[in-house]
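**Student:** Structure supplied as start_36.tsv; contents: TSV, C-alpha atoms.
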```tsv
chain	number	residue	atom	x	y	z
S	28	MET	CA	-11.04	-2.95	14.76
S	29	ASN	CA	-11.22	-2.53	18.55
S	30	GLU	CA	-12.72	-4.88	21.06
S	31	GLU	CA	-13.80	-4.53	24.65
S	32	PRO	CA	-11.37	-6.32	27.01
S	33	ASN	CA	-12.37	-9.92	27.74
S	34	PRO	CA	-11.44	-11.98	30.80
S	35	PRO	CA	-8.05	-13.60	30.14
S	36	PRO	CA	-8.21	-17.23	28.92
S	37	ASN	CA	-7.05	-20.02	31.21
S	38	ARG	CA	-4.05	-22.17	30.30
S	39	ASP	CA	-6.02	-24.90	28.53
S	40	GLU	CA	-7.99	-22.41	26.48
S	41	ALA	CA	-4.81	-20.61	25.49
S	42	ARG	CA	-3.16	-23.91	24.51
S	43	ALA	CA	-6.21	-24.95	22.47
S	44	THR	CA	-6.25	-21.56	20.71
S	45	LEU	CA	-2.56	-21.80	19.85
S	46	ALA	CA	-3.07	-25.33	18.53
S	47	ALA	CA	-5.97	-24.09	16.41
S	48	ILE	CA	-3.79	-21.29	15.03
S	49	ASP	CA	-1.03	-23.80	14.17
S	50	ALA	CA	-3.55	-26.08	12.50
S	51	THR	CA	-4.93	-23.16	10.47
S	52	HIS	CA	-1.41	-22.17	9.37
S	53	ALA	CA	-0.64	-25.74	8.31
S	54	GLU	CA	-3.97	-26.00	6.48
S	55	THR	CA	-3.38	-22.69	4.70
S	56	ARG	CA	0.06	-23.82	3.60
S	57	ARG	CA	-1.33	-27.10	2.31
S	58	ASN	CA	-4.03	-25.23	0.42
S	59	ILE	CA	-1.50	-22.87	-1.12
S	60	GLY	CA	0.86	-25.78	-1.90
S	61	SER	CA	-1.83	-27.71	-3.73
S	62	SER	CA	-3.24	-24.67	-5.54
S	63	GLU	CA	-1.95	-23.03	-8.72
S	64	PHE	CA	0.05	-20.54	-6.71
S	65	GLY	CA	3.40	-22.39	-6.91
S	66	PRO	CA	3.27	-23.01	-10.69
S	67	ASN	CA	2.11	-19.43	-11.22
S	68	MET	CA	5.16	-18.17	-9.36
S	69	ILE	CA	7.41	-20.35	-11.51
S	70	TRP	CA	5.79	-19.03	-14.70
S	71	CYS	CA	6.06	-15.51	-13.36
S	72	GLY	CA	9.79	-16.02	-12.68
S	73	LEU	CA	10.41	-17.41	-16.18
S	74	LEU	CA	8.50	-14.56	-17.81
S	75	TRP	CA	10.45	-12.14	-15.66
S	76	MET	CA	13.77	-13.65	-16.82
S	77	VAL	CA	12.80	-13.42	-20.50
S	78	ILE	CA	11.61	-9.80	-20.27
S	79	PHE	CA	14.56	-8.46	-18.33
S	80	THR	CA	17.10	-10.32	-20.49
S	81	TYR	CA	15.41	-8.88	-23.58
S	82	VAL	CA	15.44	-5.38	-22.14
S	83	GLN	CA	19.12	-5.66	-21.18
S	84	PHE	CA	20.24	-6.34	-24.71
S	85	LEU	CA	17.53	-4.59	-26.74
S	86	PRO	CA	16.54	-1.53	-24.69
S	87	GLY	CA	13.44	0.24	-25.96
S	88	PRO	CA	9.97	1.10	-24.78
S	89	VAL	CA	10.20	-1.15	-21.76
S	90	TYR	CA	6.88	-0.02	-20.36
S	91	LEU	CA	5.02	-1.49	-23.36
S	92	LEU	CA	6.77	-4.76	-22.76
S	93	TRP	CA	5.65	-4.70	-19.14
S	94	VAL	CA	2.06	-4.09	-20.18
S	95	LEU	CA	2.29	-7.02	-22.60
S	96	ALA	CA	3.79	-9.22	-19.90
S	97	VAL	CA	1.05	-8.38	-17.41
S	98	ALA	CA	-1.65	-8.96	-20.07
S	99	PHE	CA	-0.06	-12.28	-20.98
S	100	PHE	CA	0.15	-13.35	-17.36
S	101	VAL	CA	-3.46	-12.38	-16.61
S	102	ALA	CA	-4.66	-14.26	-19.72
S	103	PHE	CA	-2.60	-17.28	-18.68
S	104	ALA	CA	-4.00	-17.22	-15.13
S	105	ALA	CA	-7.56	-16.83	-16.51
S	106	MET	CA	-7.08	-19.82	-18.81
S	107	LYS	CA	-5.91	-21.90	-15.88
S	108	LYS	CA	-8.98	-20.82	-13.90
S	109	LEU	CA	-11.24	-22.04	-16.71
S	110	ARG	CA	-10.03	-25.59	-16.21
S	111	PRO	CA	-12.21	-27.51	-13.76
S	112	SER	CA	-10.52	-27.80	-10.40
S	113	PRO	CA	-11.51	-29.90	-7.37
S	114	VAL	CA	-10.58	-27.00	-5.07
S	115	LYS	CA	-12.60	-23.79	-5.14
S	116	SER	CA	-11.16	-20.52	-3.97
S	117	ALA	CA	-13.32	-18.25	-1.83
S	118	PRO	CA	-13.67	-15.02	-3.82
S	119	ASP	CA	-12.25	-12.06	-1.94
S	120	TRP	CA	-13.09	-8.87	-3.82
S	121	ARG	CA	-10.93	-6.92	-1.42
S	122	VAL	CA	-7.71	-8.43	-2.79
S	123	GLY	CA	-8.70	-7.36	-6.31
S	124	ALA	CA	-9.71	-3.93	-5.00
S	125	LEU	CA	-6.40	-3.64	-3.15
S	126	LEU	CA	-4.52	-4.42	-6.38
S	127	LEU	CA	-6.53	-1.75	-8.22
S	128	VAL	CA	-5.99	0.82	-5.45
S	129	ILE	CA	-2.24	0.19	-5.40
S	130	LEU	CA	-1.98	0.41	-9.20
S	131	GLY	CA	-4.10	3.58	-9.23
S	132	TYR	CA	-2.04	5.27	-6.55
S	133	ALA	CA	1.23	4.07	-8.13
S	134	GLY	CA	0.10	5.93	-11.26
S	135	ILE	CA	-0.67	9.07	-9.22
S	136	PHE	CA	2.71	8.89	-7.46
S	137	TRP	CA	4.46	8.50	-10.81
S	138	ALA	CA	2.56	11.47	-12.24
S	139	LEU	CA	3.42	13.61	-9.21
S	140	LEU	CA	7.10	12.72	-9.08
S	141	GLN	CA	7.75	12.36	-12.81
S	142	PRO	CA	5.49	15.04	-14.32
S	143	GLN	CA	7.48	15.11	-17.56
S	144	GLY	CA	6.62	11.43	-18.16
S	145	PHE	CA	8.67	9.63	-20.76
S	146	GLN	CA	10.39	12.35	-22.73
S	147	LYS	CA	10.71	11.90	-26.44
S	148	ASN	CA	13.93	12.61	-28.35
S	149	LEU	CA	16.13	11.99	-25.35
S	150	PRO	CA	19.72	10.93	-26.04
S	151	SER	CA	20.05	7.15	-25.96
S	152	PRO	CA	21.71	6.79	-22.50
S	153	ASP	CA	18.89	8.85	-20.94
S	154	VAL	CA	16.23	6.65	-22.53
S	155	VAL	CA	17.91	3.61	-21.02
S	156	MET	CA	18.08	5.34	-17.63
S	157	GLU	CA	14.37	6.29	-17.78
S	158	ALA	CA	13.43	2.75	-18.73
S	159	ARG	CA	15.55	1.36	-15.92
S	160	LYS	CA	13.95	3.74	-13.44
S	161	PHE	CA	10.46	2.76	-14.57
S	162	ALA	CA	11.30	-0.94	-14.37
S	163	ALA	CA	12.71	-0.55	-10.84
S	164	TYR	CA	9.64	1.45	-9.77
S	165	ALA	CA	7.20	-1.09	-11.27
S	166	VAL	CA	8.94	-3.98	-9.54
S	167	ILE	CA	9.11	-2.18	-6.18
S	168	VAL	CA	5.39	-1.33	-6.38
S	169	SER	CA	4.52	-4.97	-7.03
S	170	MET	CA	6.74	-6.05	-4.13
S	171	PHE	CA	5.06	-3.46	-1.91
S	172	LEU	CA	1.79	-5.19	-2.77
S	173	ASN	CA	3.32	-8.48	-1.65
S	174	VAL	CA	4.41	-7.00	1.68
S	175	ILE	CA	1.00	-5.39	2.31
S	176	VAL	CA	-0.87	-8.59	1.45
S	177	GLY	CA	1.48	-10.57	3.69
S	178	LEU	CA	0.96	-8.13	6.55
S	179	THR	CA	-2.76	-7.57	6.41
S	180	VAL	CA	-4.90	-9.60	4.03
S	181	ARG	CA	-3.31	-13.00	4.36
S	182	PRO	CA	-0.81	-12.74	7.17
S	183	SER	CA	2.22	-14.66	5.99
S	184	ARG	CA	5.89	-14.14	6.69
S	185	PHE	CA	6.63	-15.74	3.34
S	186	PHE	CA	4.99	-12.90	1.35
S	187	VAL	CA	6.51	-10.22	3.55
S	188	GLY	CA	9.97	-11.79	3.32
S	189	LEU	CA	9.75	-12.27	-0.44
S	190	GLY	CA	8.60	-8.68	-0.95
S	191	LEU	CA	11.35	-7.19	1.20
S	192	LEU	CA	14.05	-9.44	-0.30
S	193	MET	CA	13.07	-8.53	-3.85
S	194	THR	CA	12.91	-4.83	-2.99
S	195	ALA	CA	16.43	-5.03	-1.58
S	196	LEU	CA	17.63	-6.88	-4.70
S	197	VAL	CA	16.12	-4.25	-6.98
S	198	LEU	CA	17.86	-1.47	-5.06
S	199	VAL	CA	21.22	-3.29	-5.06
S	200	GLY	CA	20.94	-3.83	-8.81
S	201	TYR	CA	19.76	-0.27	-9.53
S	202	TYR	CA	22.45	1.50	-7.56
S	203	CYS	CA	25.38	-0.94	-7.59
S	204	VAL	CA	25.28	-2.55	-11.04
S	205	PRO	CA	23.41	0.05	-13.14
S	206	ALA	CA	24.96	-1.05	-16.44
S	207	TRP	CA	23.78	-4.62	-15.92
S	208	PHE	CA	20.61	-3.82	-14.00
S	209	CYS	CA	18.20	-5.72	-16.25
S	210	LEU	CA	20.40	-8.80	-16.47
S	211	TRP	CA	20.72	-8.67	-12.67
S	212	MET	CA	16.94	-8.51	-12.36
S	213	ALA	CA	16.54	-11.40	-14.80
S	214	ALA	CA	18.98	-13.63	-12.96
S	215	VAL	CA	18.35	-12.70	-9.34
S	216	GLY	CA	14.69	-11.63	-9.44
S	217	GLY	CA	13.49	-14.31	-11.83
S	218	SER	CA	15.27	-17.09	-9.99
S	219	THR	CA	13.87	-15.88	-6.65
S	220	PHE	CA	10.35	-16.36	-8.02
S	221	VAL	CA	11.15	-19.72	-9.60
S	222	ILE	CA	12.82	-21.06	-6.44
S	223	SER	CA	9.92	-19.79	-4.28
S	224	GLY	CA	7.42	-21.54	-6.57
S	225	ILE	CA	9.35	-24.81	-6.42
S	226	PHE	CA	9.71	-24.50	-2.64
S	227	ILE	CA	5.95	-24.01	-2.18
S	228	ARG	CA	5.15	-26.87	-4.53
S	229	LYS	CA	7.57	-29.22	-2.80
S	230	PHE	CA	7.35	-28.40	0.89
S	231	TRP	CA	3.89	-26.93	1.45
S	232	LYS	CA	1.89	-29.96	0.33
I	17	MET	CA	-6.69	-19.45	0.84
I	18	ASN	CA	-8.76	-22.16	-0.79
I	19	GLU	CA	-11.82	-23.79	0.63
I	20	GLU	CA	-13.66	-26.98	-0.15
I	21	MET	CA	-16.95	-26.52	-2.02
I	22	THR	CA	-19.87	-26.04	0.38
I	23	GLN	CA	-23.65	-26.23	0.07
I	24	PRO	CA	-25.33	-22.94	-0.86
I	25	PRO	CA	-26.99	-21.30	2.20
I	26	SER	CA	-30.77	-21.38	2.63
I	27	GLN	CA	-32.81	-18.13	2.55
I	28	ALA	CA	-32.98	-17.99	6.34
I	29	GLU	CA	-29.24	-18.61	6.67
I	30	ALA	CA	-28.49	-15.89	4.10
I	31	ARG	CA	-30.79	-13.46	5.97
I	32	ALA	CA	-29.11	-14.30	9.26
I	33	ALA	CA	-25.67	-13.84	7.69
I	34	LEU	CA	-26.66	-10.41	6.33
I	35	ALA	CA	-28.04	-9.39	9.74
I	36	GLU	CA	-24.74	-10.50	11.26
I	37	VAL	CA	-22.82	-8.41	8.73
I	38	ASP	CA	-24.97	-5.35	9.62
I	39	ARG	CA	-24.38	-5.97	13.31
I	40	ILE	CA	-20.62	-6.21	12.78
I	41	ILE	CA	-20.60	-3.00	10.71
I	42	ASP	CA	-22.46	-1.18	13.51
I	43	GLN	CA	-20.09	-2.61	16.08
I	44	THR	CA	-17.07	-1.55	13.98
I	45	ARG	CA	-18.46	1.99	13.69
I	46	ARG	CA	-19.00	2.25	17.42
I	47	ALA	CA	-15.53	0.86	18.06
I	48	LEU	CA	-14.07	3.43	15.63
I	49	ALA	CA	-15.96	6.25	17.34
I	50	GLN	CA	-14.73	5.13	20.76
I	51	GLY	CA	-11.22	4.41	19.48
I	52	PRO	CA	-8.48	6.87	18.52
I	53	SER	CA	-9.47	7.32	14.83
I	54	ALA	CA	-11.59	10.46	15.25
I	55	ALA	CA	-9.06	12.18	17.51
I	56	LEU	CA	-6.23	11.29	15.10
I	57	LEU	CA	-8.17	12.63	12.11
I	58	ILE	CA	-8.83	15.92	13.92
I	59	LEU	CA	-5.21	16.21	15.08
I	60	TRP	CA	-3.74	15.64	11.60
I	61	GLY	CA	-6.41	17.81	10.00
I	62	CYS	CA	-5.37	20.70	12.27
I	63	ILE	CA	-1.69	20.06	11.45
I	64	TRP	CA	-2.36	20.14	7.69
I	65	LEU	CA	-4.44	23.25	8.07
I	66	ALA	CA	-1.84	25.08	10.15
I	67	ALA	CA	1.15	24.01	8.04
I	68	ASP	CA	-0.37	24.60	4.62
I	69	VAL	CA	-2.07	27.92	5.41
I	70	THR	CA	1.16	29.20	6.98
I	71	THR	CA	3.16	28.08	3.92
I	72	GLN	CA	0.73	29.96	1.65
I	73	PHE	CA	1.23	33.32	3.40
I	74	TYR	CA	4.75	32.85	4.77
I	75	PRO	CA	6.58	30.62	2.24
I	76	ALA	CA	9.88	30.81	4.10
I	77	ALA	CA	8.26	28.59	6.75
I	78	MET	CA	8.33	25.62	4.37
I	79	GLN	CA	11.97	25.07	5.34
I	80	TRP	CA	11.15	24.03	8.89
I	81	LEU	CA	7.43	24.16	9.65
I	82	TRP	CA	6.54	20.67	8.47
I	83	TRP	CA	9.36	19.07	10.45
I	84	VAL	CA	8.16	20.78	13.64
I	85	LEU	CA	4.48	20.02	13.09
I	86	ASP	CA	5.18	16.42	12.03
I	87	GLY	CA	7.07	16.01	15.30
I	88	VAL	CA	4.05	17.40	17.18
I	89	GLY	CA	1.76	15.11	15.19
I	90	ILE	CA	3.81	11.98	15.89
I	91	LEU	CA	3.99	12.76	19.60
I	92	GLY	CA	0.27	13.61	19.67
I	93	SER	CA	-0.61	10.38	17.83
I	94	TRP	CA	1.48	8.38	20.27
I	95	TRP	CA	-0.24	10.09	23.21
I	96	ILE	CA	-3.74	9.54	21.77
I	97	GLY	CA	-2.87	5.89	21.03
I	98	ALA	CA	-1.51	5.41	24.55
I	99	CYS	CA	-4.67	6.92	26.12
I	100	HIS	CA	-6.93	4.58	24.15
I	101	GLY	CA	-4.58	1.61	24.40
I	102	ALA	CA	-5.15	1.35	28.12
I	103	LYS	CA	-8.91	0.95	27.67
I	104	ILE	CA	-9.18	-1.10	24.51
I	105	LYS	CA	-7.12	-4.12	23.49
I	106	SER	CA	-6.89	-5.32	19.92
I	107	PRO	CA	-4.93	-8.52	19.28
I	108	GLY	CA	-3.70	-7.67	15.76
I	109	ALA	CA	-3.17	-3.97	16.41
I	110	TRP	CA	0.59	-4.19	15.86
I	111	ARG	CA	-0.09	-4.89	12.19
I	112	TYR	CA	-1.53	-1.36	11.76
I	113	GLY	CA	1.66	0.16	13.13
I	114	VAL	CA	3.84	-2.02	10.92
I	115	PHE	CA	1.64	-1.20	7.93
I	116	TRP	CA	2.23	2.55	8.43
I	117	LEU	CA	5.97	2.00	8.89
I	118	VAL	CA	6.21	-0.08	5.71
I	119	LEU	CA	4.14	2.49	3.83
I	120	PHE	CA	6.37	5.41	4.83
I	121	ALA	CA	9.53	3.40	4.15
I	122	TYR	CA	8.34	2.61	0.63
I	123	ALA	CA	7.14	6.20	0.14
I	124	ALA	CA	10.63	7.46	1.01
I	125	LEU	CA	12.13	4.90	-1.33
I	126	TRP	CA	9.92	5.97	-4.23
I	127	VAL	CA	10.71	9.64	-3.81
I	128	CYS	CA	14.47	8.87	-3.69
I	129	LEU	CA	14.13	6.72	-6.80
I	130	LEU	CA	11.90	8.94	-8.92
I	131	LEU	CA	12.83	12.42	-7.76
I	132	PRO	CA	16.30	12.43	-6.25
I	133	VAL	CA	16.73	16.01	-5.03
I	134	ASN	CA	19.43	17.98	-3.31
I	135	TRP	CA	17.63	19.84	-0.55
I	136	PRO	CA	18.33	23.59	-0.84
I	137	GLN	CA	20.45	25.39	1.73
I	138	THR	CA	19.79	29.10	1.11
I	139	ASP	CA	16.62	31.19	0.79
I	140	LEU	CA	17.29	31.77	-2.91
I	141	GLN	CA	17.71	28.06	-3.50
I	142	TRP	CA	14.42	27.45	-1.65
I	143	GLU	CA	12.70	29.90	-3.97
I	144	HIS	CA	13.84	27.95	-7.04
I	145	PHE	CA	12.99	24.71	-5.30
I	146	GLU	CA	9.35	25.68	-4.71
I	147	PRO	CA	7.86	23.95	-7.83
I	148	VAL	CA	9.55	20.70	-6.84
I	149	TYR	CA	8.52	21.18	-3.20
I	150	ARG	CA	4.93	21.68	-4.35
I	151	ARG	CA	4.91	18.27	-6.05
I	152	ILE	CA	6.63	16.59	-3.10
I	153	THR	CA	4.01	18.17	-0.80
I	154	ALA	CA	1.22	16.75	-2.97
I	155	TYR	CA	2.92	13.36	-2.94
I	156	ILE	CA	3.40	13.33	0.84
I	157	HIS	CA	-0.23	14.40	1.40
I	158	THR	CA	-1.39	11.58	-0.89
I	159	ILE	CA	0.45	8.84	1.04
I	160	PRO	CA	-1.81	8.78	4.14
I	161	MET	CA	-4.86	9.05	1.86
I	162	PHE	CA	-3.67	5.92	0.10
I	163	ALA	CA	-3.49	4.25	3.52
I	164	TYR	CA	-7.06	5.39	4.27
I	165	VAL	CA	-8.33	3.86	1.04
I	166	VAL	CA	-6.53	0.57	1.67
I	167	GLY	CA	-7.63	0.47	5.32
I	168	GLY	CA	-11.15	1.41	4.30
I	169	LEU	CA	-11.46	-1.77	2.25
I	170	TRP	CA	-11.57	-3.60	5.58
I	171	LEU	CA	-12.65	-0.96	8.10
I	172	GLY	CA	-15.50	0.67	6.22
I	173	ARG	CA	-16.38	2.54	3.06
I	174	PHE	CA	-16.24	5.84	4.89
I	175	PHE	CA	-12.43	5.79	4.85
I	176	VAL	CA	-12.34	4.74	1.18
I	177	TRP	CA	-14.45	7.74	0.18
I	178	LEU	CA	-12.56	10.09	2.48
I	179	GLY	CA	-9.20	8.96	1.05
I	180	LEU	CA	-10.38	9.21	-2.55
I	181	LEU	CA	-12.02	12.61	-1.99
I	182	VAL	CA	-8.94	14.17	-0.39
I	183	THR	CA	-6.66	12.63	-3.05
I	184	ALA	CA	-8.84	14.16	-5.76
I	185	LEU	CA	-8.77	17.52	-3.94
I	186	ILE	CA	-4.95	17.39	-3.73
I	187	VAL	CA	-4.58	16.65	-7.45
I	188	VAL	CA	-7.18	19.28	-8.44
I	189	GLY	CA	-5.37	21.85	-6.30
I	190	LEU	CA	-1.98	21.03	-7.81
I	191	TRP	CA	-3.12	21.46	-11.39
I	192	PHE	CA	-5.99	23.95	-11.19
I	193	VAL	CA	-5.34	26.22	-8.20
I	194	PRO	CA	-1.63	27.00	-8.60
I	195	HIS	CA	-1.66	30.45	-6.97
I	196	TYR	CA	-3.48	29.40	-3.80
I	197	TYR	CA	-2.32	25.81	-3.77
I	198	TYR	CA	-1.24	25.61	-0.12
I	199	LEU	CA	-4.34	27.45	1.05
I	200	TRP	CA	-6.43	25.01	-0.96
I	201	LEU	CA	-4.52	22.05	0.55
I	202	GLY	CA	-4.99	23.41	4.06
I	203	ILE	CA	-8.70	24.12	3.78
I	204	ALA	CA	-9.78	21.27	1.48
I	205	GLY	CA	-7.41	18.56	2.75
I	206	GLY	CA	-7.03	19.52	6.41
I	207	GLY	CA	-10.67	20.63	6.59
I	208	SER	CA	-11.88	17.27	5.21
I	209	LEU	CA	-9.94	15.40	7.88
I	210	ILE	CA	-11.32	17.60	10.67
I	211	VAL	CA	-14.90	17.29	9.39
I	212	ALA	CA	-14.49	13.50	9.10
I	213	GLY	CA	-13.19	13.26	12.67
I	214	VAL	CA	-16.04	15.39	14.04
I	215	PHE	CA	-18.56	13.35	12.00
I	216	ILE	CA	-17.29	10.04	13.44
I	217	ARG	CA	-17.30	11.46	16.96
I	218	LYS	CA	-20.84	12.83	16.66
I	219	PHE	CA	-22.76	10.27	14.59
I	220	TRP	CA	-21.10	6.90	15.09
I	221	LYS	CA	-21.38	6.66	18.86
```
Before we go any further, please render this structure as structure tokens.
**Tutor:**
Amino acid sequence: MNEEPNPPPNRDEARATLAAIDATHAETRRNIGSSEFGPNMIWCGLLWMVIFTYVQFLPGPVYLLWVLAVAFFVAFAAMKKLRPSPVKSAPDWRVGALLLVILGYAGIFWALLQPQGFQKNLPSPDVVMEARKFAAYAVIVSMFLNVIVGLTVRPSRFFVGLGLLMTALVLVGYYCVPAWFCLWMAAVGGSTFVISGIFIRKFWK
Amino acid sequence: MNEEMTQPPSQAEARAALAEVDRIIDQTRRALAQGPSAALLILWGCIWLAADVTTQFYPAAMQWLWWVLDGVGILGSWWIGACHGAKIKSPGAWRYGVFWLVLFAYAALWVCLLLPVNWPQTDLQWEHFEPVYRRITAYIHTIPMFAYVVGGLWLGRFFVWLGLLVTALIVVGLWFVPHYYYLWLGIAGGGSLIVAGVFIRKFWK
């Protein structure tokens, strides 16, 4: 974490270091652009649109739907991994551990702040409100993960920007258009993912 | 993110790589011991201890005590950071600051979303508010522990275990030690932080 102070680099060394940083950034972008990341984002956006549109018009146990969606997405990503690929990804157990830690703590936070959980026999409008709250929380937690990954694990303004933008969109939808929150999420959130995926695929190669 | 396939390392290379990892872990520990971590742990441990033990025996203090002690803690952290900052330079250090800011911003967002409360104005209102305050206290205490666990994934297992231990102690206290909850938080939570800080200071140098 901390390092002893070194003698300052001369101008040529500094220039060479900056060039190396630029080259690494460009290489990373190319790697991401040619990996499955872009298509995964597009699939994620499409799945997102379907789920939120469904929830808007047929509100019910939204959390089960989210679990199904995550399971489906993980299975889909695993299937894609099984296909032989010329590019191998260096395994970083910390990213997986980070995901687990964030999910674990998100569960603890939910339990602390919503100790009653999902109440049964609530009047219909309250069920919808609970579901909406859970959906907003789940999305914000996943966007928090994006911001943290973009800040620390794989420093990237793209991840940080996407996470913050989506968080802002969730809040706008939750507080400003509550009646159409899920449709808002489907249109705005889903399309943000799809457009980001297309952008990466097209411009980061 | 992705890397081209490389040749597997030989036995000697693997041994050298492991020795290098051990050396870096030792170096990180020494850097942590010489850096501000231990002092910060002791400072915040003392603040937890003072605030929670006072709240246990003088509940009226919950209205203002945390605000005052948090102010002291923030100023103290800044001072400790400034003292160490002059001696030790770390190129990516700003990311740690931004990480904490993002974490607290999201933590505030989650509490507003999941548990929107009207803060009480009178003593009687505070009395009725206590069960909610208890959960918010647990939540707020858990946030830095979450940061320790996440940071520990990169900085060392010590912080992972410390974060998980104190989180478990907070949750156990909330559900199983209701009558002496704040005392429990002060001694178990604050005490753990102080012991951890002293341990780093004494054994990692």
**Student:** As a list in words, please: the residues near I:Glu146 (cut-off 12 Å, all atoms listed in the file, same-chain neighbours under 6 positions excluded).
**Tutor:**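 The residues that qualify are Thr71, Gln72, Pro75, Ala76, Ala77, Met78, Gln79, Trp135, Pro136, Asp139, Leu140, Ile152, Thr153, Pro194, Tyr197 and Tyr198 of chain I.
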**Student:** Kindly save the residues from that selection, with C-alpha atoms included, as a CSV table (one decimal), in the coordinates of the input.
**Tutor:**
```csv
chain,number,residue,atom,x,y,z
I,71,THR,CA,3.2,28.1,3.9
I,72,GLN,CA,0.7,30.0,1.6
I,75,PRO,CA,6.6,30.6,2.2
I,76,ALA,CA,9.9,30.8,4.1
I,77,ALA,CA,8.3,28.6,6.8
I,78,MET,CA,8.3,25.6,4.4
I,79,GLN,CA,12.0,25.1,5.3
I,135,TRP,CA,17.6,19.8,-0.6
I,136,PRO,CA,18.3,23.6,-0.8
I,139,ASP,CA,16.6,31.2,0.8
I,140,LEU,CA,17.3,31.8,-2.9
I,152,ILE,CA,6.6,16.6,-3.1
I,153,THR,CA,4.0,18.2,-0.8
I,194,PRO,CA,-1.6,27.0,-8.6
I,197,TYR,CA,-2.3,25.8,-3.8
I,198,TYR,CA,-1.2,25.6,-0.1
```
**Student:** Using only C-alpha atoms, which of the listed residues (S:Thr219, S:Thr44, S:Asn37, S:Thr194) sits closest to chain I?
**Tutor:**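 Ranking S:Thr219, S:Thr44, S:Asn37, S:Thr194 by distance to chain I, first place goes to S:Thr194.
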**Student:** So, counting only C-alpha atoms, which residue among S:Phe185, S:Arg159, S:Ala46, S:Phe208 is closest to S:Trp231?
**Tutor:** S:Phe185
**Student:** Find the residues near I:Gly113: any atom within 12 Å, counting only C-alpha atoms, skip ones fewer than 2 places away on the same chain, and give them as an MDAnalysis selection string.
**Tutor:** (chainID S and resid 178:179) or (chainID I and resid 93:94 97 108:111 115:120 163)
**Student:** Taking (-8.7, 1.7, 3.2) in the file's own coordinates, collect the residues within 9 Å, counting all atoms listed in the file, and hand them back as a count of residues only.
**Tutor:** 19
**Student:** Here is a test: counting only C-alpha atoms, which residue of I:Ile90, I:Leu190, I:Ala212, I:Ala30 is nearest to chain S?
**Tutor:**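 Among I:Ile90, I:Leu190, I:Ala212, I:Ala30, it is I:Leu190 that comes nearest to chain S.
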**Student:** Expressed in Å to a single decimal, how great is the separation between atom CA of I:Val187 and atom CA of I:Val114?
**Tutor:**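 That distance, rounded to one decimal, is 27.5 Å.
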**Student:** Between atom CA of S:Val77 and atom CA of S:Met212, what is the distance, to one decimal in Å?
**Tutor:**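 Distance reported for this atom pair: 10.4 Å.
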